[in-house]
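J.: This is the structure, below, for whatever I ask next.
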Amino acid sequence: MYRKQLSVAIVCALLAPGVWAQDTSNTATPDVAAQDSQAKTLDAVTVTARRRTESIQDVPVAISAFGEEALKDLQADTVEGLQGVVPNMNIVQGRGSANSINVFIRGIGQPDALQTFDPGVGMYVDDVYYSRINGAMFSLFDVQQVEVLRGPQGTLYGKNSTGGAIKVSTKNPFEDTGGSVEATVGNFGQREGKFYFGGELNEFVAMSLAGAMSESDGYVTDPSTGRKYNGDENKALRAKIAFKVSDNVNATLSLDHNKQDAPLTLGQPTAPLIQTDVAFGPVVLKPAPTGEYDFRTRTSFGPGQGQEMTHQGASLAVDWDMNAQWRFKSISAWRKLKTNSFIDIDASEFELGDVLVAIDQKQKSQEFQFQYDNGSNLQAIFGLYYMNEKVPSYQEAYASDFFAFAGTPISFLRTIEDDLDTTSKAAFAHMSWEFVPTWTLAAGLRYSKDEKDYTRSTSTYWGPLFAALNETVAFDGRQSWDAWTPSISLQKAFSSNVMGYVSANRGFKSGGFNGRANSVLETTQAVFDPEFVWTYEAGVKMRSADGRMQGNVTAFHSEYKDFQARVSEIVNPDSPTPSFSFPVLNAAALKIDGIEFEGSALLGEGTRLSGQLSYMNARYDEFVDPRVQLDPALANLHDHVPFSPDFTARVALQHTFMMDGGAGLTIGGDVSYRDDTWLSVDNRSNLMQDAYATYGLFGVWDSSNYAWQVRAGVRNLGDKVYKTDGQEFSSVANIQTAYYGMPRNYYLSVRYNF
């Protein structure tokens with residue numbers, strides 16, 4: 001059935017190849033807003049992928065961009081709502097966490113959620129880098145535009161952008177004047193309110209204030225207590241003050257605060273949970289589930305043991321037009337992230353993989369840019385970047401049901417205190433030169449250096465029977481890595497509507513320390529090396545002469561080295577002491593090939609068709625894993641690259657009906673397809689999601705003057721049960737936990753614009 005749906009998606013995507021090109025302005029006047037519903041051409045989209053404003057059709061980068069209204073039509077409340085929309089991107093809520101995001105682009109991301117591992121996709125808000133996946137589940141309440149750049153962005157965006165980058169731009173109070181208030185209700189107890197106010201205080205100063213409050217009861221139930229999980233309670237606020245200091249100097253001060261108090265995020269154990277009895281051997285505590293998951297999961301945690309987060313920051317951006325050719329930009333930022341999260345890794349009533357993770361991250365950064373434009377055929381940017389990040393954390397691991405002696409569980413508690421201090425420095429340059437008419441050569445180079453200091457102390461406490469095994473292990477390490485990351489592209493404007501390009505880009509993800517090193521032996525092997533990737537890309541961007549169709553096609557080949565893989569150690573069930581060992585190996589070299597189509601077209605009056613289709617062939621050239629050499633039964637453990645489905649596709653269709661009096665009614669729907677996806681580095685069959693499709697519908701009524709908007713929608717219309725992520729700790733009680741997408745959910749919102 002799904003192959004048939006995929007065939008339909010392919011046909012539609014080929015009929016309308018191109019970039020999704022929605023209007024990126026979000027405070028259009030009532031007249032413009034009403035006219036847009038009957039647009040005769042696709043709206044032009046501008047992006048800042050190369051740190052300057054350009055048409056998306058002129059940028060030799062595979063990029064997708066979404067304005068405010070497009071995000072609403074995607075029914076995206078957070079960045080997770082981009083799942084299925086961008087070719088070869090996997091973006092889902094992080095495993096067991098209400099505040100983190102797991103992102104892979106073209107098979108490259110962060111396969112372990114611990115804070116000592118770095119992301120493979122850079123996340124930016126108003127050009128400020130967010131270094132942790134915690135706190136990156138951005139609410140889209142005041143967003144002007146989201147850009148997704150696919151492929152390494154190592155020259156202009158630096159380290160940890162080996163897979164790509166996601167850039168979120170919030171509203172500008174000088175440009176986004178006026179305001180709105182919005183209220184939303186939905187099933188699972190969804191209650192949400194948003195507001196935005198922006199405008200000029202005088203000709204020199206403008207301010208904006210935006211906020212969102214959201215609550216939901218949750219869609220997972222503990223059948224033993226009736227308590228609800230996988231819900232949320234979140235409050236977010238952003239204030240901006242923009243200054244026109246002079247005719248050629250502008251500055252924007254931004255302050256944001258986000259407070260979350262969420263219940264646990266629970267998955268489902270997909271394999272038997274095993275207790276090791278020192279006297280009698282392995283004991284099955286909980287058999288593998290049968291049948292389809294019913295969103296009922298038990299937990300050993302009690303009331304009050306949820307997931308709290310406070311995320312806040314300040315930034316100051318200064319733009320100075322020095323003269324007609326040179327522009328200076330400074331971006332100064334400070335951020336603080338504090339979490340206190342209980343995570344039930346085994347997702348059961350037993351204490352097998354229960355943890356508390358509390359981090360207190362502080363980050364400060366400074367970037368200087370000098371931009372040059374001769375007004376004709378030469379543009380350049382030169383920059384310096386500095387960031388310091390401190391991530392102290394405290395963790396507790398509870399596993400009192402993992403080991404037993406003659407049927408009596410053995411108490412187990414491990415406490416961890418660690419501190420990671422990272423200093424990143426970089427210098428970069430990028431130039432674009434139209435050396436003859438219609439031919440443009442662009443090249444760049446970045447030098448990056450990372451220095452990391454890491455201290456760690458773990459204390460293990462056993463019950464009275466095995467108190468002699470109590471121990472404390474300390475570790476202190478310092479390491480630095482540096483890299484040169486060049487980029488080059490050649491593009492040809494075949495006409496005013498067709499552009500082609502070829503490019504090569506290198507990406508660098510710095511090395512680090514294994515934040516799960518708990519024994520003396522592990523601390524001697526706790527350092528892992530950087531990852532590197534070269535990606536070679538060719539693309540064509542097209543727009544029809546009448547402006548009613550727009551499209552791109554991209555093909556790429558990536559060579560990915562020293563993949564940082566966290567694996568589980570094989571344990572001896574007859575041993576009285578567990579190792580709880582999770583080594584990190586620079587285990588693999590990969591080759592990744594793919595092709596991507598995007599498209600948007602206007603059909604007749606008021607009808608828009610859009611779609612994406614992507615194919616990816618990700619495979620290991622090698623995966624050096626000592627376990628496979630020791631145990632032939634594990635020969636197929638690394639046959640598949642995680643989060644890299646062969647095919648993804650999406651088709652969306654919407655139509656606007658103009659009503660008497662000038663009001664508009666828009667009806668839209670979409671279908672998204674995702675091929676077989678493996679959800680862990682170790683290819684456990686329980687953590688594989690078969691190919692599936694999801695459906696969505698929405699309807700929007702806009703008043704004639706665009707003052708009122710009523711929107712209703714349903715996501716996952718077919719109520720599909722599907723896995724999105726997995727926890728794999730097979731060496732501890734055979735833990736293989738899957739997390740699932742939200743069941744069918746619907747909502748109704750009312751918005752007033754002024």
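Just so we're on the same page: first chain in the structure tokens is A, next is B, and so on; residues restart at 1 for each chain, and ligands are numbered from 1 in the order they show up.
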I'd like a table as JSON lines: residues in stretch 328-436 of chain A with an atom no more than 12 Å from stretch 126-148 of chain A, each row giving the shortest atom pair and its distance in Å to one decimal, only C-alpha atoms counted, sorted by chain and rising residue number.

T.:
{"residue": "A:Lys329", "atom": "CA", "partner": "A:Asp127", "partner_atom": "CA", "distance": 11.2}
{"residue": "A:Ser330", "atom": "CA", "partner": "A:Asp127", "partner_atom": "CA", "distance": 10.5}
{"residue": "A:Ile331", "atom": "CA", "partner": "A:Val128", "partner_atom": "CA", "distance": 7.5}
{"residue": "A:Ser332", "atom": "CA", "partner": "A:Val128", "partner_atom": "CA", "distance": 8.2}
{"residue": "A:Ala333", "atom": "CA", "partner": "A:Val128", "partner_atom": "CA", "distance": 6.8}
{"residue": "A:Trp334", "atom": "CA", "partner": "A:Val128", "partner_atom": "CA", "distance": 9.1}
{"residue": "A:Arg335", "atom": "CA", "partner": "A:Tyr130", "partner_atom": "CA", "distance": 8.5}
{"residue": "A:Lys336", "atom": "CA", "partner": "A:Gly135", "partner_atom": "CA", "distance": 10.0}
{"residue": "A:Leu337", "atom": "CA", "partner": "A:Gly135", "partner_atom": "CA", "distance": 7.2}
{"residue": "A:Lys338", "atom": "CA", "partner": "A:Gly135", "partner_atom": "CA", "distance": 9.0}
{"residue": "A:Thr339", "atom": "CA", "partner": "A:Asn134", "partner_atom": "CA", "distance": 8.4}
{"residue": "A:Asn340", "atom": "CA", "partner": "A:Asn134", "partner_atom": "CA", "distance": 11.2}
{"residue": "A:Ser341", "atom": "CA", "partner": "A:Asn134", "partner_atom": "CA", "distance": 10.7}
{"residue": "A:Val357", "atom": "CA", "partner": "A:Asn134", "partner_atom": "CA", "distance": 11.3}
{"residue": "A:Ala358", "atom": "CA", "partner": "A:Asn134", "partner_atom": "CA", "distance": 11.2}
{"residue": "A:Ile359", "atom": "CA", "partner": "A:Asn134", "partner_atom": "CA", "distance": 9.7}
{"residue": "A:Asp360", "atom": "CA", "partner": "A:Asn134", "partner_atom": "CA", "distance": 11.1}
{"residue": "A:Gln361", "atom": "CA", "partner": "A:Arg132", "partner_atom": "CA", "distance": 9.0}
{"residue": "A:Lys362", "atom": "CA", "partner": "A:Ser131", "partner_atom": "CA", "distance": 10.2}
{"residue": "A:Gln363", "atom": "CA", "partner": "A:Ser131", "partner_atom": "CA", "distance": 8.3}
{"residue": "A:Lys364", "atom": "CA", "partner": "A:Val128", "partner_atom": "CA", "distance": 9.8}
{"residue": "A:Ser365", "atom": "CA", "partner": "A:Val128", "partner_atom": "CA", "distance": 8.0}
{"residue": "A:Gln366", "atom": "CA", "partner": "A:Val128", "partner_atom": "CA", "distance": 9.1}
{"residue": "A:Glu367", "atom": "CA", "partner": "A:Val128", "partner_atom": "CA", "distance": 9.1}
{"residue": "A:Phe368", "atom": "CA", "partner": "A:Asp127", "partner_atom": "CA", "distance": 11.7}
{"residue": "A:Gln369", "atom": "CA", "partner": "A:Asp127", "partner_atom": "CA", "distance": 11.8}
{"residue": "A:Tyr385", "atom": "CA", "partner": "A:Tyr129", "partner_atom": "CA", "distance": 10.9}
{"residue": "A:Tyr386", "atom": "CA", "partner": "A:Tyr129", "partner_atom": "CA", "distance": 11.0}
{"residue": "A:Met387", "atom": "CA", "partner": "A:Tyr129", "partner_atom": "CA", "distance": 9.2}
{"residue": "A:Asn388", "atom": "CA", "partner": "A:Ser131", "partner_atom": "CA", "distance": 10.2}
{"residue": "A:Glu389", "atom": "CA", "partner": "A:Ser131", "partner_atom": "CA", "distance": 8.2}
{"residue": "A:Lys390", "atom": "CA", "partner": "A:Ser131", "partner_atom": "CA", "distance": 10.7}
{"residue": "A:Val391", "atom": "CA", "partner": "A:Arg132", "partner_atom": "CA", "distance": 9.8}
{"residue": "A:Thr422", "atom": "CA", "partner": "A:Ser131", "partner_atom": "CA", "distance": 10.5}
{"residue": "A:Thr423", "atom": "CA", "partner": "A:Ser131", "partner_atom": "CA", "distance": 11.8}
{"residue": "A:Ser424", "atom": "CA", "partner": "A:Ser131", "partner_atom": "CA", "distance": 11.1}

J.: Store the residues picked out above in a file with C-alpha atoms, as a tab-separated table (two decimals), in the first residue's frame.

T.:
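This is the output file selection-v2.tsv:
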chain	number	residue	atom	x	y	z
A	329	LYS	CA	28.18	43.14	11.84
A	330	SER	CA	28.64	42.09	15.46
A	331	ILE	CA	26.62	39.36	17.21
A	332	SER	CA	27.13	39.10	20.98
A	333	ALA	CA	25.19	36.50	22.94
A	334	TRP	CA	24.84	34.93	26.38
A	335	ARG	CA	22.70	31.89	27.15
A	336	LYS	CA	21.86	29.80	30.18
A	337	LEU	CA	20.16	26.40	30.20
A	338	LYS	CA	19.15	24.55	33.34
A	339	THR	CA	17.38	21.20	33.34
A	340	ASN	CA	16.27	18.77	36.00
A	341	SER	CA	14.90	15.73	34.16
A	357	VAL	CA	19.95	14.31	34.56
A	358	ALA	CA	20.48	17.86	35.82
A	359	ILE	CA	22.62	20.24	33.78
A	360	ASP	CA	23.43	23.91	34.31
A	361	GLN	CA	24.87	25.14	31.04
A	362	LYS	CA	26.21	28.64	30.39
A	363	GLN	CA	27.30	29.86	26.99
A	364	LYS	CA	28.74	33.13	25.72
A	365	SER	CA	29.69	33.89	22.14
A	366	GLN	CA	30.94	36.70	19.95
A	367	GLU	CA	31.02	36.92	16.18
A	368	PHE	CA	32.40	39.71	14.01
A	369	GLN	CA	31.68	39.90	10.29
A	385	TYR	CA	34.07	33.67	16.04
A	386	TYR	CA	34.50	32.86	19.73
A	387	MET	CA	32.40	30.74	22.06
A	388	ASN	CA	32.88	29.46	25.59
A	389	GLU	CA	30.51	26.87	27.00
A	390	LYS	CA	30.45	25.47	30.53
A	391	VAL	CA	28.27	22.40	31.16
A	422	THR	CA	34.64	24.10	25.80
A	423	THR	CA	36.32	27.02	24.07
A	424	SER	CA	35.81	27.38	20.33

J.: Considering only strand (DSSP E) as DSSP defines it on the backbone, what residues of stretch 688-726 of chain A qualify? List them as a PyMOL selection string.

T.: chain A and resi 688-689+692-702+708-715+723-726

J.: Write to file, as a CSV table (one decimal), in the first residue's frame, the residues of the selection just made, with N, CA, C and O atoms.

T.:
chain,number,residue,atom,x,y,z
A,688,MET,N,13.3,-0.8,14.9
A,688,MET,CA,13.2,-0.4,13.5
A,688,MET,C,11.7,-0.1,13.2
A,688,MET,O,10.8,-0.8,13.6
A,689,GLN,N,11.5,1.0,12.5
A,689,GLN,CA,10.1,1.4,12.1
A,689,GLN,C,9.9,1.1,10.6
A,689,GLN,O,10.6,1.5,9.8
A,692,TYR,N,5.8,3.8,6.5
A,692,TYR,CA,4.5,4.2,6.9
A,692,TYR,C,4.1,5.6,6.3
A,692,TYR,O,5.0,6.3,5.8
A,693,ALA,N,2.9,5.9,6.3
A,693,ALA,CA,2.4,7.2,5.8
A,693,ALA,C,1.5,7.8,6.9
A,693,ALA,O,0.8,7.2,7.6
A,694,THR,N,1.5,9.2,6.9
A,694,THR,CA,0.6,9.9,7.8
A,694,THR,C,-0.1,11.0,7.0
A,694,THR,O,0.4,11.4,5.9
A,695,TYR,N,-1.3,11.4,7.5
A,695,TYR,CA,-2.1,12.3,6.7
A,695,TYR,C,-2.5,13.5,7.6
A,695,TYR,O,-2.6,13.3,8.9
A,696,GLY,N,-2.7,14.7,7.0
A,696,GLY,CA,-3.2,15.8,7.8
A,696,GLY,C,-4.2,16.6,7.0
A,696,GLY,O,-4.2,16.6,5.7
A,697,LEU,N,-5.1,17.3,7.7
A,697,LEU,CA,-6.1,18.2,7.1
A,697,LEU,C,-6.2,19.5,7.9
A,697,LEU,O,-6.0,19.5,9.1
A,698,PHE,N,-6.4,20.6,7.2
A,698,PHE,CA,-6.7,21.8,7.9
A,698,PHE,C,-7.7,22.7,7.1
A,698,PHE,O,-7.8,22.5,5.9
A,699,GLY,N,-8.3,23.6,7.8
A,699,GLY,CA,-9.2,24.6,7.2
A,699,GLY,C,-9.0,25.9,7.9
A,699,GLY,O,-8.8,26.0,9.1
A,700,VAL,N,-9.0,27.0,7.1
A,700,VAL,CA,-8.7,28.3,7.6
A,700,VAL,C,-9.8,29.3,7.0
A,700,VAL,O,-10.0,29.3,5.8
A,701,TRP,N,-10.4,30.1,7.9
A,701,TRP,CA,-11.3,31.1,7.5
A,701,TRP,C,-10.6,32.5,7.8
A,701,TRP,O,-10.3,32.7,9.0
A,702,ASP,N,-10.5,33.3,6.8
A,702,ASP,CA,-9.9,34.7,7.1
A,702,ASP,C,-11.0,35.7,6.7
A,702,ASP,O,-11.7,35.6,5.7
A,708,TRP,N,-9.6,38.8,11.5
A,708,TRP,CA,-9.9,37.5,12.3
A,708,TRP,C,-9.5,36.3,11.4
A,708,TRP,O,-9.6,36.3,10.2
A,709,GLN,N,-9.0,35.3,12.1
A,709,GLN,CA,-8.7,34.1,11.5
A,709,GLN,C,-9.1,32.9,12.4
A,709,GLN,O,-8.8,32.9,13.6
A,710,VAL,N,-9.8,32.0,11.8
A,710,VAL,CA,-10.2,30.8,12.5
A,710,VAL,C,-9.6,29.6,11.8
A,710,VAL,O,-9.8,29.4,10.6
A,711,ARG,N,-8.9,28.8,12.5
A,711,ARG,CA,-8.2,27.6,11.9
A,711,ARG,C,-8.5,26.4,12.7
A,711,ARG,O,-8.5,26.4,13.9
A,712,ALA,N,-8.8,25.3,12.0
A,712,ALA,CA,-9.0,24.0,12.6
A,712,ALA,C,-8.2,23.0,11.8
A,712,ALA,O,-8.0,23.1,10.6
A,713,GLY,N,-7.7,22.0,12.5
A,713,GLY,CA,-6.9,21.0,11.8
A,713,GLY,C,-6.8,19.7,12.5
A,713,GLY,O,-7.1,19.6,13.7
A,714,VAL,N,-6.3,18.7,11.8
A,714,VAL,CA,-6.1,17.4,12.4
A,714,VAL,C,-4.8,16.8,11.9
A,714,VAL,O,-4.5,16.9,10.7
A,715,ARG,N,-4.0,16.3,12.8
A,715,ARG,CA,-2.7,15.7,12.4
A,715,ARG,C,-2.7,14.2,12.7
A,715,ARG,O,-3.4,13.8,13.6
A,723,LYS,N,7.0,4.5,15.4
A,723,LYS,CA,8.1,4.8,16.2
A,723,LYS,C,8.9,6.0,15.6
A,723,LYS,O,9.0,6.1,14.4
A,724,THR,N,9.4,6.9,16.5
A,724,THR,CA,10.2,8.0,16.1
A,724,THR,C,11.6,8.0,16.5
A,724,THR,O,12.5,8.6,15.9
A,725,ASP,N,11.9,7.3,17.7
A,725,ASP,CA,13.2,7.3,18.2
A,725,ASP,C,13.4,6.1,19.2
A,725,ASP,O,12.4,5.4,19.5
A,726,GLY,N,14.6,5.8,19.6
A,726,GLY,CA,14.8,4.6,20.4
A,726,GLY,C,16.0,4.8,21.4
A,726,GLY,O,16.9,5.5,21.1

J.: With only C-alpha atoms as the counted atoms, please give the residues lying no more than 10 Å from A:Val205, apart from itself and same-chain residues fewer than 6 positions off, as a ChimeraX atom specification.

T.: /A:173-174,199,241-245,250-252

J.: Tell me which of A:Gly84, A:Gly507, A:Pro287, A:Gly547 sits closest to A:Asp670, counting only C-alpha atoms.

T.: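 Checking each candidate against A:Asp670, we get A:Gly84 as the closest.
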
J.: When distances are computed from only C-alpha atoms, which of A:Ala165, A:His640, A:Glu605, A:Asp401 shows the smallest separation from A:Gln275?

T.: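 Between A:Ala165, A:His640, A:Glu605, A:Asp401, the residue approaching A:Gln275 most closely is A:Asp401.
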
J.: Within 10 Å of A:Ala98, counting only C-alpha atoms, which residues qualify if same-chain residues fewer than 2 places away don't, as a VMD selection string?

T.: chain A and resid 93 to 96 100 to 101 134 to 135 137 230 to 233 260 to 266 306 to 309 341 343

J.: Write a file of the just-selected residues containing N, CA, C and O atoms, as a short mmCIF file (atom, residue, chain, number, x, y, z; two decimals), in the first residue's frame.

T.:
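Writing the result to result-v1.cif gives the following:
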data_model
loop_
_atom_site.label_atom_id
_atom_site.label_comp_id
_atom_site.auth_asym_id
_atom_site.auth_seq_id
_atom_site.Cartn_x
_atom_site.Cartn_y
_atom_site.Cartn_z
N GLN A 93 11.22 14.77 18.43
CA GLN A 93 11.52 15.02 19.83
C GLN A 93 12.54 14.01 20.32
O GLN A 93 12.49 12.84 20.01
N GLY A 94 13.54 14.50 21.09
CA GLY A 94 14.60 13.64 21.58
C GLY A 94 14.08 12.56 22.49
O GLY A 94 13.10 12.73 23.22
N ARG A 95 14.76 11.43 22.49
CA ARG A 95 14.32 10.25 23.23
C ARG A 95 14.20 10.53 24.72
O ARG A 95 15.13 10.97 25.38
N GLY A 96 13.01 10.33 25.27
CA GLY A 96 12.78 10.44 26.70
C GLY A 96 12.84 11.85 27.24
O GLY A 96 12.85 12.03 28.46
N SER A 100 14.26 18.36 24.24
CA SER A 100 15.36 18.21 23.29
C SER A 100 14.84 17.76 21.93
O SER A 100 13.72 17.27 21.81
N ILE A 101 15.68 17.95 20.93
CA ILE A 101 15.31 17.62 19.56
C ILE A 101 16.41 16.76 18.96
O ILE A 101 17.60 16.98 19.20
N ASN A 134 19.37 19.85 24.02
CA ASN A 134 18.44 20.23 25.08
C ASN A 134 18.08 21.70 24.90
O ASN A 134 18.94 22.54 24.62
N GLY A 135 16.82 22.01 25.06
CA GLY A 135 16.39 23.39 24.88
C GLY A 135 16.22 23.80 23.45
O GLY A 135 15.91 24.97 23.17
N MET A 137 14.00 22.41 21.31
CA MET A 137 12.65 22.14 20.83
C MET A 137 11.90 23.48 20.75
O MET A 137 11.04 23.80 21.55
N ASN A 230 3.85 12.35 28.66
CA ASN A 230 4.08 12.88 27.30
C ASN A 230 3.21 14.09 27.02
O ASN A 230 2.69 14.27 25.92
N GLY A 231 3.05 14.89 28.04
CA GLY A 231 2.36 16.17 27.90
C GLY A 231 3.35 17.31 28.04
O GLY A 231 4.56 17.14 27.93
N ASP A 232 2.83 18.50 28.34
CA ASP A 232 3.72 19.65 28.41
C ASP A 232 3.07 20.78 29.19
O ASP A 232 1.83 20.87 29.30
N GLU A 233 3.90 21.60 29.76
CA GLU A 233 3.49 22.89 30.33
C GLU A 233 4.64 23.84 30.10
O GLU A 233 5.72 23.68 30.67
N GLN A 260 9.78 25.45 31.33
CA GLN A 260 9.01 24.24 31.04
C GLN A 260 8.93 23.37 32.29
O GLN A 260 9.91 23.20 33.01
N ASP A 261 7.75 22.85 32.53
CA ASP A 261 7.52 21.91 33.64
C ASP A 261 6.64 20.80 33.08
O ASP A 261 5.42 20.89 33.10
N ALA A 262 7.28 19.76 32.58
CA ALA A 262 6.57 18.72 31.84
C ALA A 262 6.58 17.42 32.62
O ALA A 262 7.49 17.16 33.41
N PRO A 263 5.58 16.58 32.41
CA PRO A 263 5.65 15.23 32.97
C PRO A 263 6.69 14.40 32.24
O PRO A 263 7.31 14.86 31.28
N LEU A 264 6.90 13.18 32.71
CA LEU A 264 7.83 12.28 32.03
C LEU A 264 7.44 12.08 30.57
O LEU A 264 6.25 12.16 30.21
N THR A 265 8.45 11.82 29.75
CA THR A 265 8.22 11.37 28.38
C THR A 265 8.52 9.88 28.34
O THR A 265 9.66 9.46 28.54
N LEU A 266 7.49 9.09 28.13
CA LEU A 266 7.62 7.63 28.22
C LEU A 266 7.52 6.98 26.85
O LEU A 266 6.73 7.40 26.00
N GLY A 306 9.26 14.77 37.24
CA GLY A 306 9.03 15.06 35.84
C GLY A 306 10.26 15.66 35.20
O GLY A 306 11.40 15.29 35.52
N GLN A 307 10.05 16.61 34.29
CA GLN A 307 11.14 17.20 33.53
C GLN A 307 10.99 18.72 33.53
O GLN A 307 10.04 19.25 32.96
N GLU A 308 11.92 19.39 34.18
CA GLU A 308 11.89 20.84 34.29
C GLU A 308 13.04 21.44 33.49
O GLU A 308 14.13 20.88 33.42
N MET A 309 12.77 22.59 32.90
CA MET A 309 13.80 23.29 32.13
C MET A 309 13.58 24.79 32.23
O MET A 309 12.44 25.27 32.17
N SER A 341 15.77 16.67 34.88
CA SER A 341 14.90 15.73 34.16
C SER A 341 15.06 14.31 34.67
O SER A 341 16.18 13.77 34.69
N ILE A 343 14.28 10.51 33.69
CA ILE A 343 14.04 9.78 32.44
C ILE A 343 13.96 8.30 32.77
O ILE A 343 14.90 7.73 33.33
#

J.: At what distance in Å, to one decimal, does atom CA of A:Pro282 lie from atom CA of A:Gln736?

T.: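 For atom CA of A:Gln736 relative to atom CA of A:Pro282, the distance reads 16.9 Å.
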
J.: Residues near A:Val641, anyone? I mean within 9 Å using only C-alpha atoms, not counting same-chain ones fewer than 2 positions away, as a list of chain:residue names.

T.: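 Selected residues are A:Gly107, A:Leu590, A:Ala618, A:Arg619, A:Tyr620, A:His638, A:Asp639, A:Phe643, A:Ser644, A:Pro645, A:Thr677, A:Trp678, A:Leu679, A:Ser680, A:Val681, A:Asn683.
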
J.: Would you please work out which residue, of A:Lys167, A:Lys286, A:Arg608, A:His311, is nearest to A:Ala236 when using only C-alpha atoms?

T.: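 Among A:Lys167, A:Lys286, A:Arg608, A:His311, it is A:His311 that comes nearest to A:Ala236.
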
J.: Write out as a list in words each polymer residue whose atoms come within 6 Å of A:Ala397, counting only C-alpha atoms; drop sequence neighbours fewer than 2 positions from it.

T.: Asp354, Val355, Leu413 and Arg414 of chain A

J.: Selected residues, N, CA and C atoms, written as a PDB file, in the first residue's frame, please.

T.:
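Below you can see result_4.pdb, which holds the result:
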ATOM      1  N   ASP A 354      16.640   3.855  35.159  1.00  0.00           N
ATOM      2  CA  ASP A 354      16.041   5.112  35.571  1.00  0.00           C
ATOM      3  C   ASP A 354      17.147   6.099  35.911  1.00  0.00           C
ATOM      4  N   VAL A 355      17.012   7.331  35.446  1.00  0.00           N
ATOM      5  CA  VAL A 355      18.074   8.307  35.660  1.00  0.00           C
ATOM      6  C   VAL A 355      17.489   9.677  35.974  1.00  0.00           C
ATOM      7  N   LEU A 413      22.834   2.333  43.183  1.00  0.00           N
ATOM      8  CA  LEU A 413      22.744   3.763  42.902  1.00  0.00           C
ATOM      9  C   LEU A 413      24.107   4.233  42.424  1.00  0.00           C
ATOM     10  N   ARG A 414      24.113   4.941  41.320  1.00  0.00           N
ATOM     11  CA  ARG A 414      25.348   5.565  40.850  1.00  0.00           C
ATOM     12  C   ARG A 414      25.110   7.066  40.763  1.00  0.00           C
TER      13      ARG A 414
END

J.: Leaving out A:Gln479 and any residue of its chain fewer than 2 positions from it, which residues lie within 12 Å of it when counting only C-alpha atoms, given as a ChimeraX atom specification?

T.: /A:420-423,449-455,476-477,481-482,510-513,526-530

J.: Would you write out those residues with C-alpha atoms, as a PDB file, in the first residue's frame?

T.:
ATOM      1  CA  LEU A 420      32.713  20.138  30.507  1.00  0.00           C
ATOM      2  CA  ASP A 421      34.362  23.429  29.551  1.00  0.00           C
ATOM      3  CA  THR A 422      34.642  24.097  25.799  1.00  0.00           C
ATOM      4  CA  THR A 423      36.319  27.016  24.074  1.00  0.00           C
ATOM      5  CA  LYS A 449      39.975  25.161  17.021  1.00  0.00           C
ATOM      6  CA  ASP A 450      38.197  23.534  19.962  1.00  0.00           C
ATOM      7  CA  GLU A 451      39.649  23.069  23.429  1.00  0.00           C
ATOM      8  CA  LYS A 452      37.792  20.895  25.922  1.00  0.00           C
ATOM      9  CA  ASP A 453      38.443  20.362  29.630  1.00  0.00           C
ATOM     10  CA  TYR A 454      36.482  17.556  31.238  1.00  0.00           C
ATOM     11  CA  THR A 455      36.321  16.362  34.825  1.00  0.00           C
ATOM     12  CA  ASP A 476      40.298  14.555  34.399  1.00  0.00           C
ATOM     13  CA  GLY A 477      41.089  15.187  30.742  1.00  0.00           C
ATOM     14  CA  TRP A 481      41.281  19.657  17.985  1.00  0.00           C
ATOM     15  CA  ASP A 482      41.518  21.927  14.977  1.00  0.00           C
ATOM     16  CA  SER A 510      34.904  18.111  17.095  1.00  0.00           C
ATOM     17  CA  GLY A 511      36.008  15.217  19.241  1.00  0.00           C
ATOM     18  CA  GLY A 512      35.106  14.812  22.878  1.00  0.00           C
ATOM     19  CA  PHE A 513      34.927  12.725  26.021  1.00  0.00           C
ATOM     20  CA  ALA A 526      37.330   8.088  27.183  1.00  0.00           C
ATOM     21  CA  VAL A 527      38.535  10.360  24.366  1.00  0.00           C
ATOM     22  CA  PHE A 528      37.104  10.091  20.862  1.00  0.00           C
ATOM     23  CA  ASP A 529      38.317  11.873  17.733  1.00  0.00           C
ATOM     24  CA  PRO A 530      36.529  14.360  15.454  1.00  0.00           C
TER      25      PRO A 530
END

J.: Go through A:Leu490, A:Ala399, A:Ala65, A:Val92 one by one, measure the shortest atom-to-atom distance of each to A:Ile345 using only C-alpha atoms, and give the residue with the smallest value.

T.: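 Between A:Leu490, A:Ala399, A:Ala65, A:Val92, the residue approaching A:Ile345 most closely is A:Ala399.
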
J.: Counting only C-alpha atoms, which residues in stretch 135-203 of chain A sit no more than 8 Å from stretch 54-62 of chain A? For each one, give the nearest pair of atoms and the distance in Å, sorted by chain then residue number, as JSON lines.

T.:
{"residue": "A:Leu149", "atom": "CA", "partner": "A:Ala62", "partner_atom": "CA", "distance": 6.0}
{"residue": "A:Arg150", "atom": "CA", "partner": "A:Ala62", "partner_atom": "CA", "distance": 5.5}
{"residue": "A:Gly151", "atom": "CA", "partner": "A:Ala62", "partner_atom": "CA", "distance": 7.4}

J.: Would you put the residues from that selection into a file with N, CA and C atoms, as a tab-separated table (two decimals), in the first residue's frame?

T.:
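Result saved to out.tsv:
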chain	number	residue	atom	x	y	z
A	149	LEU	N	19.30	24.28	5.86
A	149	LEU	CA	20.40	24.13	4.91
A	149	LEU	C	20.89	22.69	4.98
A	150	ARG	N	20.88	21.99	3.86
A	150	ARG	CA	21.29	20.59	3.83
A	150	ARG	C	22.72	20.46	3.35
A	151	GLY	N	23.46	19.58	3.99
A	151	GLY	CA	24.86	19.38	3.65
A	151	GLY	C	25.77	20.19	4.55
